[in-house]
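Content type TSV, C-alpha atoms, from the file final-v4.tsv:
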chain	number	residue	atom	x	y	z
A	1	MET	CA	112.22	117.63	134.21
A	2	ASP	CA	111.39	121.28	133.54
A	3	GLN	CA	113.34	122.93	130.74
A	4	PHE	CA	114.75	126.44	130.93
A	5	VAL	CA	116.36	129.13	128.84
A	6	ILE	CA	119.22	130.50	130.94
A	7	ALA	CA	120.18	134.18	130.74
A	8	CYS	CA	123.87	134.44	131.65
A	9	ILE	CA	124.45	137.93	133.08
A	10	ASP	CA	127.16	139.69	135.05
A	11	SER	CA	125.87	143.26	135.16
A	12	PRO	CA	122.72	145.35	134.63
A	13	GLU	CA	124.05	146.24	131.16
A	14	SER	CA	124.43	142.64	130.05
A	15	ALA	CA	121.04	141.83	131.59
A	16	ALA	CA	119.43	144.55	129.48
A	17	THR	CA	120.81	142.87	126.36
A	18	VAL	CA	120.33	139.23	127.28
A	19	LEU	CA	116.93	139.12	129.00
A	20	PRO	CA	114.79	140.23	126.02
A	21	TRP	CA	116.38	137.54	123.85
A	22	ALA	CA	116.14	134.87	126.53
A	23	ARG	CA	112.52	135.76	127.29
A	24	HIS	CA	111.63	135.69	123.59
A	25	PHE	CA	113.13	132.24	123.09
A	26	ALA	CA	111.59	130.89	126.30
A	27	GLU	CA	108.13	132.04	125.27
A	28	ARG	CA	108.35	130.85	121.69
A	29	LEU	CA	109.98	127.47	122.34
A	30	ASN	CA	106.73	126.04	123.68
A	31	HIS	CA	106.80	128.21	126.80
A	32	LYS	CA	110.00	127.08	128.46
A	33	GLY	CA	111.03	128.48	131.81
A	34	LEU	CA	113.28	131.53	132.08
A	35	MET	CA	116.07	131.86	134.64
A	36	ALA	CA	118.92	134.32	135.11
A	37	LEU	CA	122.34	133.01	136.11
A	38	HIS	CA	124.95	135.18	137.85
A	39	VAL	CA	128.37	133.88	138.86
A	40	SER	CA	130.94	135.74	140.95
A	41	ASP	CA	133.54	135.27	143.66
A	42	GLU	CA	131.03	136.29	146.33
A	43	GLY	CA	128.08	134.06	145.40
A	44	SER	CA	124.53	134.09	146.74
A	45	ALA	CA	125.45	135.59	150.11
A	46	SER	CA	126.48	138.82	148.40
A	47	ALA	CA	124.20	138.77	145.34
A	48	PRO	CA	123.93	142.29	143.89
A	49	GLY	CA	120.64	144.05	144.53
A	50	TRP	CA	119.94	144.62	140.84
A	51	LEU	CA	119.35	140.88	140.37
A	52	GLU	CA	116.14	141.05	142.41
A	53	GLN	CA	114.94	143.97	140.32
A	54	LEU	CA	115.06	141.97	137.06
A	55	GLY	CA	111.67	140.43	137.72
A	56	VAL	CA	112.73	136.88	136.79
A	57	PRO	CA	113.89	133.90	138.85
A	58	PHE	CA	117.65	133.98	139.31
A	59	VAL	CA	120.52	131.97	140.73
A	60	SER	CA	123.68	133.62	142.02
A	61	LEU	CA	126.60	131.24	142.42
A	62	LYS	CA	130.04	131.53	143.92
A	63	GLY	CA	132.74	130.18	141.67
A	64	ASP	CA	133.70	130.41	138.02
A	65	TRP	CA	131.53	130.64	134.92
A	66	ARG	CA	133.03	127.63	133.16
A	67	THR	CA	132.05	125.24	135.95
A	68	ALA	CA	128.55	126.71	136.22
A	69	ILE	CA	127.98	126.54	132.47
A	70	GLU	CA	129.18	122.95	132.26
A	71	GLY	CA	126.40	122.00	134.66
A	72	LEU	CA	123.60	123.87	132.88
A	73	PRO	CA	121.63	120.86	131.57
A	74	THR	CA	121.84	118.77	134.74
A	75	ALA	CA	121.64	121.45	137.43
A	76	PHE	CA	119.21	123.84	135.72
A	77	GLY	CA	117.47	121.81	133.00
A	78	ALA	CA	118.85	124.20	130.39
A	79	ILE	CA	118.11	123.72	126.70
A	80	LEU	CA	119.60	127.08	125.67
A	81	ALA	CA	121.91	129.66	127.22
A	82	VAL	CA	122.00	133.32	126.18
A	83	ALA	CA	124.99	135.60	126.77
A	84	ALA	CA	126.00	139.13	125.81
A	85	VAL	CA	129.15	139.99	123.84
A	86	ASN	CA	131.07	143.20	124.48
A	87	THR	CA	134.42	143.59	122.73
A	88	ALA	CA	135.25	146.56	124.97
A	89	ALA	CA	134.67	144.64	128.21
A	90	PRO	CA	137.58	143.73	130.49
A	91	ARG	CA	138.90	140.16	130.32
A	92	SER	CA	137.36	139.50	133.74
A	93	SER	CA	133.85	139.88	132.29
A	94	ILE	CA	131.95	136.94	130.80
A	95	THR	CA	130.94	139.30	127.99
A	96	HIS	CA	134.50	139.63	126.67
A	97	PRO	CA	134.71	137.38	123.55
A	98	HIS	CA	137.79	135.47	124.73
A	99	THR	CA	136.35	134.92	128.20
A	100	LEU	CA	132.95	133.95	126.84
A	101	LEU	CA	134.34	131.31	124.48
A	102	ARG	CA	136.61	129.91	127.16
A	103	ALA	CA	133.73	129.69	129.64
A	104	PHE	CA	131.39	128.01	127.14
A	105	ARG	CA	133.85	125.63	125.48
A	106	ASP	CA	132.50	122.62	127.42
A	107	CYS	CA	128.87	123.72	127.24
A	108	LYS	CA	126.49	120.87	126.38
A	109	THR	CA	123.64	123.10	125.27
A	110	ALA	CA	123.34	125.55	122.42
A	111	TYR	CA	124.30	129.08	123.42
A	112	LEU	CA	123.18	132.30	121.79
A	113	CYS	CA	125.67	135.18	121.78
A	114	VAL	CA	124.20	138.66	121.28
A	115	SER	CA	126.21	141.84	120.89
A	116	GLN	CA	125.78	144.30	123.74
A	117	SER	CA	126.39	147.22	121.37
A	118	THR	CA	123.49	146.72	118.96
A	119	GLY	CA	120.72	148.02	121.20
A	120	GLN	CA	118.14	146.57	118.85
A	121	PRO	CA	114.99	144.65	119.85
A	122	VAL	CA	114.69	140.92	119.32
A	123	ARG	CA	114.14	140.26	115.65
A	124	ILE	CA	115.02	137.10	113.72
A	125	PRO	CA	113.27	137.21	110.34
A	126	SER	CA	116.10	135.24	108.74
A	127	THR	CA	118.49	132.53	109.89
A	128	ALA	CA	121.42	131.12	107.95
A	129	LEU	CA	123.77	128.19	108.41
A	130	THR	CA	126.46	126.51	106.38
A	131	LEU	CA	126.18	122.89	105.37
A	132	THR	CA	129.36	121.16	104.25
A	133	HIS	CA	130.53	117.61	103.66
A	134	ARG	CA	131.01	117.05	107.39
A	135	ARG	CA	128.58	115.30	109.71
A	136	GLU	CA	128.52	118.27	112.07
A	137	GLY	CA	125.67	119.86	110.12
A	138	LYS	CA	122.94	117.67	111.63
A	139	GLU	CA	122.71	119.50	114.98
A	140	LYS	CA	122.60	122.82	113.17
A	141	LEU	CA	119.72	121.58	111.04
A	142	VAL	CA	117.77	120.48	114.10
A	143	TRP	CA	118.08	123.94	115.63
A	144	ALA	CA	117.22	125.54	112.30
A	145	SER	CA	113.98	123.54	112.34
A	146	TYR	CA	113.16	124.97	115.79
A	147	LEU	CA	113.80	128.51	114.60
A	148	ALA	CA	111.55	127.94	111.60
A	149	ARG	CA	108.74	126.24	113.51
A	150	PHE	CA	108.66	128.24	116.72
A	151	LEU	CA	110.14	131.63	115.77
A	152	ASN	CA	108.93	131.84	112.15
A	153	SER	CA	112.43	132.54	110.88
A	154	ARG	CA	113.21	132.03	107.19
A	155	ILE	CA	116.00	129.50	106.82
A	156	THR	CA	118.83	129.76	104.32
A	157	ILE	CA	121.20	126.82	103.93
A	158	ALA	CA	124.48	127.86	102.36
A	159	THR	CA	126.83	125.35	100.76
A	160	PRO	CA	130.39	125.75	99.42
A	161	HIS	CA	131.32	125.13	95.81
A	162	TYR	CA	133.29	121.88	95.85
A	163	ARG	CA	135.40	120.77	92.92
A	164	ASP	CA	136.20	117.40	94.44
A	165	ARG	CA	133.69	114.72	93.44
A	166	GLY	CA	133.91	112.89	96.77
A	167	LEU	CA	133.17	116.04	98.76
A	168	ARG	CA	130.22	116.83	96.50
A	169	GLN	CA	128.77	113.37	97.17
A	170	LEU	CA	129.12	113.81	100.94
A	171	LEU	CA	127.41	117.18	100.66
A	172	ARG	CA	124.54	115.64	98.69
A	173	ASN	CA	124.11	113.09	101.47
A	174	ASN	CA	123.76	115.91	103.99
A	175	LEU	CA	121.25	117.69	101.76
A	176	ARG	CA	119.17	114.52	101.74
A	177	PHE	CA	119.18	114.71	105.53
A	178	VAL	CA	117.78	118.25	105.23
A	179	GLU	CA	114.81	116.91	103.30
A	180	LYS	CA	114.37	114.11	105.84
A	181	ILE	CA	114.06	116.64	108.68
A	182	PHE	CA	112.33	119.55	106.98
A	183	THR	CA	109.82	117.91	104.62
A	184	PRO	CA	107.65	116.11	107.24
A	185	LEU	CA	107.49	119.36	109.23
A	186	GLY	CA	106.54	121.46	106.20
A	187	ILE	CA	109.62	123.66	106.57
A	188	GLU	CA	110.80	125.49	103.51
A	189	TYR	CA	114.34	126.78	103.09
A	190	ARG	CA	116.32	128.77	100.61
A	191	PRO	CA	119.50	127.21	99.20
A	192	ALA	CA	122.50	129.47	98.62
A	193	LEU	CA	125.80	128.69	96.95
A	194	LEU	CA	128.74	130.44	98.56
A	195	GLU	CA	131.25	132.02	96.24
A	196	GLY	CA	134.97	132.51	96.52
A	197	ARG	CA	137.82	130.64	98.18
A	198	GLN	CA	136.69	131.68	101.66
A	199	SER	CA	133.54	129.56	101.27
A	200	THR	CA	135.61	126.41	101.84
A	201	LEU	CA	138.03	127.94	104.35
A	202	ASN	CA	135.53	129.76	106.58
A	203	GLY	CA	132.01	129.33	105.31
A	204	ASP	CA	130.37	131.12	108.25
A	205	MET	CA	132.26	134.33	107.53
A	206	ALA	CA	131.29	134.02	103.87
A	207	VAL	CA	127.67	133.71	104.98
A	208	LEU	CA	127.86	136.95	106.97
A	209	ARG	CA	129.43	138.77	104.06
A	210	GLN	CA	127.26	137.42	101.25
A	211	LEU	CA	123.87	136.74	102.90
A	212	GLN	CA	123.76	139.15	105.88
A	213	PRO	CA	121.32	137.07	107.97
A	214	ASP	CA	119.69	138.22	111.19
A	215	LEU	CA	121.08	135.19	113.00
A	216	ILE	CA	123.64	132.53	112.12
A	217	ILE	CA	123.90	129.00	113.49
A	218	ALA	CA	127.52	127.92	113.77
A	219	ARG	CA	129.57	125.07	115.15
A	220	THR	CA	132.63	125.93	117.18
A	221	SER	CA	135.93	124.54	115.99
A	222	ASP	CA	137.06	121.16	117.29
A	223	PRO	CA	140.57	121.42	118.80
A	224	ARG	CA	141.21	117.85	117.64
A	225	GLU	CA	140.84	119.01	114.03
A	226	ARG	CA	143.09	122.08	114.26
A	227	ASP	CA	146.57	121.88	112.77
A	228	LEU	CA	149.57	124.16	113.32
A	229	ILE	CA	148.35	126.76	110.82
A	230	ASP	CA	144.94	126.87	112.52
A	231	LEU	CA	146.60	127.47	115.88
A	232	LEU	CA	148.30	130.58	114.48
A	233	LEU	CA	145.05	132.03	113.12
A	234	PRO	CA	142.07	133.48	115.01
A	235	LYS	CA	139.42	130.89	115.78
A	236	PRO	CA	136.42	131.06	113.41
A	237	GLU	CA	134.07	131.57	116.36
A	238	MET	CA	136.13	134.54	117.52
A	239	GLN	CA	135.84	136.07	114.07
A	240	LEU	CA	132.06	135.64	114.23
A	241	LEU	CA	131.77	137.31	117.63
A	242	THR	CA	133.89	140.29	116.58
A	243	HIS	CA	132.46	140.73	113.09
A	244	PRO	CA	131.40	144.35	112.43
A	245	SER	CA	127.84	143.26	111.64
A	246	ARG	CA	127.37	142.18	115.30
A	247	THR	CA	125.11	139.39	114.05
A	248	PRO	CA	123.78	137.14	116.84
A	249	VAL	CA	125.37	133.69	116.73
A	250	LEU	CA	123.82	130.45	117.95
A	251	PHE	CA	126.80	128.24	118.76
A	252	LEU	CA	126.91	124.46	119.04
A	253	ASN	CA	129.98	122.80	120.47
A	254	PRO	CA	131.38	119.65	118.82
A	255	ARG	CA	130.10	117.10	121.32
A	256	ASP	CA	128.41	113.71	121.12
A	257	ASP	CA	125.98	114.50	123.93
A	258	LEU	CA	124.43	117.86	123.09
A	259	TYR	CA	121.17	118.63	124.89
A	260	ILE	CA	118.47	119.67	122.43
A	261	LEU	CA	114.72	120.10	122.53
A	262	CYS	CA	112.37	117.17	122.17
A	263	ASP	CA	109.22	119.05	121.06
Structure translated into structure tokens:
Amino acid sequence: MDQFVIACIDSPESAATVLPWARHFAERLNHKGLMALHVSDEGSASAPGWLEQLGVPFVSLKGDWRTAIEGLPTAFGAILAVAAVNTAAPRSSITHPHTLLRAFRDCKTAYLCVSQSTGQPVRIPSTALTLTHRREGKEKLVWASYLARFLNSRITIATPHYRDRGLRQLLRNNLRFVEKIFTPLGIEYRPALLEGRQSTLNGDMAVLRQLQPDLIIARTSDPRERDLIDLLLPKPEMQLLTHPSRTPVLFLNPRDDLYILCD
């Protein structure tokens, strides 16, 4: 089956932000296909004229974004989705952070969120991710290896400062997994120790503040792991999307059947 990078767009403005990133990833990830996806109440019968002017294959569907995104890997052979983020957009737009996260919460592929306000060209000289005691770090490491191999991005792996001996041992086990993945591929990475209490509460935000990477790989929060206090606080992924740095975020949802590359 052919594999595609899907550019999720709802307007010419979001297309101008998303397409350069989607095209860059499609070309560098061993020349994957590129396709634009547009979803609206009207569908293909009333597809806006600007879609044809994009110069890329596109699909215009009638329905809702969440249903379309859930079918990305099976219907479109997607290995990555790219979407724009605009904090000033109306709630009806897929680019609004709340709407975007709600639409992508069942997504089985990685999805890259790029701020519509940056206006900067595609550039990913450095990528950072947090690695904790949890098992969820493995998918992030796999994608970090792709960014290093195919996009020549320098990888920084940030870890929290644990006082608990058991947590430190679990973290060491995950660091051994890093070597297992990276060493055979000749990938080098820079370790970084996060400082402060926030490093254990919200490591990704600590990474943005302390390391200032060009892209961050993050895992969305698992609703099964959220307690009452978490429900009263903004979701970590929402904080990443609205951070003043407007750093692009490559999100991975907590699933057992994520679709990743096989190259």
Checklist entry - What's the 9 Å shell around range 88-104 of chain A, counting all atoms listed in the file, without same-chain residues fewer than 3 positions away, as a count of residues only? => result 25
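Residues within 8 Å of range 149-158 of chain A, counting all atoms listed in the file and excluding same-chain residues fewer than 3 positions away, are Phe25, Arg28, Leu29, Asn30, Ile124, Pro125, Ser126, Thr127, Ala128, Leu129, Thr130, Leu131, Ala144, Ser145, Tyr146, Ile187, Glu188, Tyr189, Arg190, Pro191, Ala192, Leu193, Leu194 and Val207 of chain A.
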Write the residues of the selection above to a file with C-alpha atoms, as a short mmCIF file (atom, residue, chain, number, x, y, z; two decimals), in the coordinates of the input.
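What ended up in part09.cif:
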data_model
loop_
_atom_site.label_atom_id
_atom_site.label_comp_id
_atom_site.auth_asym_id
_atom_site.auth_seq_id
_atom_site.Cartn_x
_atom_site.Cartn_y
_atom_site.Cartn_z
CA PHE A 25 113.13 132.24 123.09
CA ARG A 28 108.35 130.85 121.69
CA LEU A 29 109.98 127.47 122.34
CA ASN A 30 106.73 126.04 123.68
CA ILE A 124 115.02 137.10 113.72
CA PRO A 125 113.27 137.21 110.34
CA SER A 126 116.10 135.24 108.74
CA THR A 127 118.49 132.53 109.89
CA ALA A 128 121.42 131.12 107.95
CA LEU A 129 123.77 128.19 108.41
CA THR A 130 126.46 126.51 106.38
CA LEU A 131 126.18 122.89 105.37
CA ALA A 144 117.22 125.54 112.30
CA SER A 145 113.98 123.54 112.34
CA TYR A 146 113.16 124.97 115.79
CA ILE A 187 109.62 123.66 106.57
CA GLU A 188 110.80 125.49 103.51
CA TYR A 189 114.34 126.78 103.09
CA ARG A 190 116.32 128.77 100.61
CA PRO A 191 119.50 127.21 99.20
CA ALA A 192 122.50 129.47 98.62
CA LEU A 193 125.80 128.69 96.95
CA LEU A 194 128.74 130.44 98.56
CA VAL A 207 127.67 133.71 104.98
#
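Residue nearest Ile181 in chain A within the list A:Ser117, A:Ala148, A:Gly33, A:Leu211: A:Ala148 [criterion: smallest interatomic distance, only C-alpha atoms].
Pairwise distance (CA of Pro244 in chain A, CA of Asn86 in chain A) equals 12.1 Å.
Straight-line separation from CA of Glu195 in chain A to CA of Gln210 in chain A: 8.4 Å.
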Checklist entry - Looking at A:Leu72, A:Ala16, A:Leu112, A:Ala218, which one is nearest to Glu139 in chain A, with distances taken over all atoms listed in the file? => result A:Ala218
Checklist outcome for this item: From CA of Pro20 in chain A to CA of Ala110 in chain A the spacing works out at 17.4 Å
Next on the checklist: Using all atoms listed in the file, can you tell me which of A:Leu51, A:Ile6, A:Ala15, A:Leu147 comes closest to Ala78 in chain A?
Outcome noted: A:Ile6
Next on the checklist: I'd like the neighbourhood of Val59 in chain A as a PyMOL selection string, where a residue qualifies if any of its atoms comes within 7 Å (using all atoms listed in the file), though same-chain residues fewer than 6 positions away should be ignored.
Outcome noted: chain A and resi 36-38
Restrict the selected residues to C-alpha atoms and save them as a compact mmCIF listing (two decimals), in the frame of the given file.
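again-v7.txt written:
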# COMPACT_ATOMS: atom_id res chain seq x y z
CA ALA A 36 118.92 134.32 135.11
CA LEU A 37 122.34 133.01 136.11
CA HIS A 38 124.95 135.18 137.85
